[in-house]
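*Asks:* Mind having a look at this structure? Questions to follow.
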Amino acid sequence: MIKKKIRDAFNEQIQHELYSAYLYLSMAAYCHSIGLDGMAQWLRVQTMEEMTHAMKFFDHIIERDGKVELLPIKKPKITWKSPLEGFQDAYKHEQFITGRINELVKLSNAEKDYASNSLLQWFVDEQVEEEASASKVVQQLEMVGDSGNGLLMLDRELGQRTFTWPTAKEGEGE
Ligand code: FEO
């Protein structure tokens with residue numbers, strides 16, 4: 001059975017992951033509203049990825065006979081000055097999430113909760129990718145600057161991103 005301290009912290013992390021999904025979905029709506037449907041597609045895929053992150057914590061609590069308690073999700077920002085500003089926010093947000101994951105690792109070590117620790121190692125690796133992918137788009141948008149052609153090319157490239165549901169093993173932690 002999962003300890004209360006860990007369970008509470010994981011319930012909070014579900015809230016953070018669902019807020020991440022909300023933030024990316026809001027950014028997707030913004031990109032659609034300015035005609036950048038490729039960037040919106042990239043952000044929609046990211047939204048789904050965040051949902052799978054939330055579900056990993058959800059499943060872990062359930063599997064260890066804990067009680068999932070969903071917490072309120074605050075309203076995300078709904079508009080940005082530019083796609084660059086949006087992706088800069090995303091990058092900052094991923095850095096915040098990395099900090100949360102690191103705190104959870106510290107907690108699981110202090111509580112000697114090896115099962116949680118194993119789950120969290122997946123997130124430690126994932127956050128390296130999460131920060132890198134947001135930071136890459138920021139760099140590309142900085143390079144493109146005010147070029148409309150460059151922006152459209154980047155939009156087309158980012159629109160190639162697709163989402164695949166994790167396999168049962170990845171998704172259910174079996
Ligand atoms: Fe779930 Fe983007 O971190």
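How things are named: the first chain in the structure tokens is A, the next is B, and so on; residues count from 1 in each chain; ligands count from 1 in the order shown.
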Can you tell me which residues come within 7 Å of ligand 1 when counting only C-alpha atoms and all ligand atoms, ideally as a VMD selection string?

*Replies:* chain A and resid 17 20 50 53 94 97 127 130

*Asks:* Give me, as a CSV table (one decimal) with all heavy atoms, in the first residue's frame, all polymer residues having an atom no more than 12 Å from Tyr114 of chain A, counting only C-alpha atoms and skipping those fewer than 6 positions away in the same chain.

*Replies:*
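Final file, result.csv:
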chain,number,residue,atom,x,y,z
A,2,ILE,N,0.4,2.2,-0.8
A,2,ILE,CA,1.2,3.5,-0.9
A,2,ILE,C,1.0,4.3,0.4
A,2,ILE,O,-0.1,4.4,1.0
A,2,ILE,CB,0.8,4.2,-2.2
A,2,ILE,CG1,1.8,5.3,-2.5
A,2,ILE,CG2,-0.6,4.8,-2.0
A,2,ILE,CD1,1.6,5.8,-4.0
A,3,LYS,N,2.1,5.0,0.8
A,3,LYS,CA,2.0,5.8,2.0
A,3,LYS,C,1.3,7.1,1.7
A,3,LYS,O,1.4,7.6,0.6
A,3,LYS,CB,3.5,6.2,2.5
A,3,LYS,CG,4.2,5.1,3.2
A,3,LYS,CD,5.5,5.7,3.7
A,3,LYS,CE,6.4,4.6,4.2
A,3,LYS,NZ,7.8,5.1,4.5
A,6,ILE,N,3.3,10.0,0.1
A,6,ILE,CA,3.6,9.8,-1.3
A,6,ILE,C,2.3,10.0,-2.1
A,6,ILE,O,2.2,10.6,-3.2
A,6,ILE,CB,4.2,8.4,-1.6
A,6,ILE,CG1,5.4,8.2,-0.7
A,6,ILE,CG2,4.4,8.2,-3.1
A,6,ILE,CD1,6.7,8.7,-1.3
A,105,VAL,N,11.3,12.7,-6.3
A,105,VAL,CA,12.4,11.7,-6.2
A,105,VAL,C,12.9,11.8,-4.8
A,105,VAL,O,13.1,10.8,-4.1
A,105,VAL,CB,13.5,11.9,-7.2
A,105,VAL,CG1,14.7,11.0,-7.0
A,105,VAL,CG2,12.9,11.6,-8.6
A,106,LYS,N,13.2,13.0,-4.3
A,106,LYS,CA,13.7,13.3,-3.0
A,106,LYS,C,12.8,12.6,-1.9
A,106,LYS,O,13.2,12.0,-1.0
A,106,LYS,CB,13.9,14.8,-2.7
A,106,LYS,CG,15.2,15.3,-3.2
A,106,LYS,CD,15.3,16.8,-2.7
A,106,LYS,CE,15.8,17.7,-3.8
A,106,LYS,NZ,15.6,19.1,-3.6
A,107,LEU,N,11.5,12.9,-2.1
A,107,LEU,CA,10.5,12.4,-1.1
A,107,LEU,C,10.5,10.8,-1.1
A,107,LEU,O,10.5,10.2,-0.1
A,107,LEU,CB,9.1,12.9,-1.5
A,107,LEU,CG,8.0,12.4,-0.6
A,107,LEU,CD1,8.1,13.0,0.8
A,107,LEU,CD2,6.6,12.9,-1.2
A,108,SER,N,10.5,10.3,-2.3
A,108,SER,CA,10.5,8.8,-2.4
A,108,SER,C,11.7,8.2,-1.8
A,108,SER,O,11.7,7.1,-1.2
A,108,SER,CB,10.2,8.3,-3.8
A,108,SER,OG,11.4,8.5,-4.6
A,120,LEU,N,9.3,7.1,-10.9
A,120,LEU,CA,9.8,8.4,-11.1
A,120,LEU,C,11.1,8.5,-11.9
A,120,LEU,O,11.3,9.5,-12.6
A,120,LEU,CB,10.1,9.0,-9.7
A,120,LEU,CG,8.9,9.4,-8.9
A,120,LEU,CD1,9.2,9.7,-7.4
A,120,LEU,CD2,8.2,10.6,-9.5
A,121,GLN,N,11.8,7.4,-12.0
A,121,GLN,CA,13.0,7.4,-12.9
A,121,GLN,C,12.6,7.5,-14.3
A,121,GLN,O,13.3,8.2,-15.1
A,121,GLN,CB,13.8,6.1,-12.7
A,121,GLN,CG,14.6,6.0,-11.4
A,121,GLN,CD,15.4,7.3,-11.2
A,121,GLN,OE1,16.2,7.8,-12.0
A,121,GLN,NE2,15.3,7.8,-10.0

*Asks:* From the list A:Ser82, A:Thr162, A:Thr47, A:Gln15, which residue is nearest Cys31 of chain A when using only C-alpha atoms?

*Replies:*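 Looking at the shortest contact to Cys31 of chain A, the residue is A:Ser82.
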
*Asks:* In Å, how far is it from atom CA of Arg156 of chain A to atom CA of Asp125 of chain A?

*Replies:*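 Separating atom CA of Arg156 of chain A from atom CA of Asp125 of chain A is a distance of 28.1 Å.
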
*Asks:* Find the residues near Phe57 of chain A: any atom within 8 Å, counting only C-alpha atoms, skip ones fewer than 4 places away on the same chain, and give them as a compact mmCIF listing (two decimals) with N, CA and C atoms, in the first residue's frame.

*Replies:*
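Contents of around-v5.txt, freshly written:
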# COMPACT_ATOMS: atom_id res chain seq x y z
N PHE A 10 1.60 12.49 -5.14
CA PHE A 10 1.27 12.00 -6.48
C PHE A 10 -0.07 12.58 -6.95
N ASN A 11 -1.02 12.73 -6.03
CA ASN A 11 -2.29 13.36 -6.41
C ASN A 11 -2.04 14.80 -6.89
N GLN A 13 0.71 15.78 -8.24
CA GLN A 13 1.39 15.70 -9.54
C GLN A 13 0.39 15.42 -10.67
N ILE A 14 -0.65 14.66 -10.36
CA ILE A 14 -1.70 14.45 -11.38
C ILE A 14 -2.27 15.82 -11.77
N HIS A 53 0.92 11.14 -18.98
CA HIS A 53 1.74 11.34 -17.76
C HIS A 53 0.84 11.31 -16.52
N ILE A 61 -1.14 4.98 -8.15
CA ILE A 61 -1.87 5.12 -6.88
C ILE A 61 -2.89 3.99 -6.74
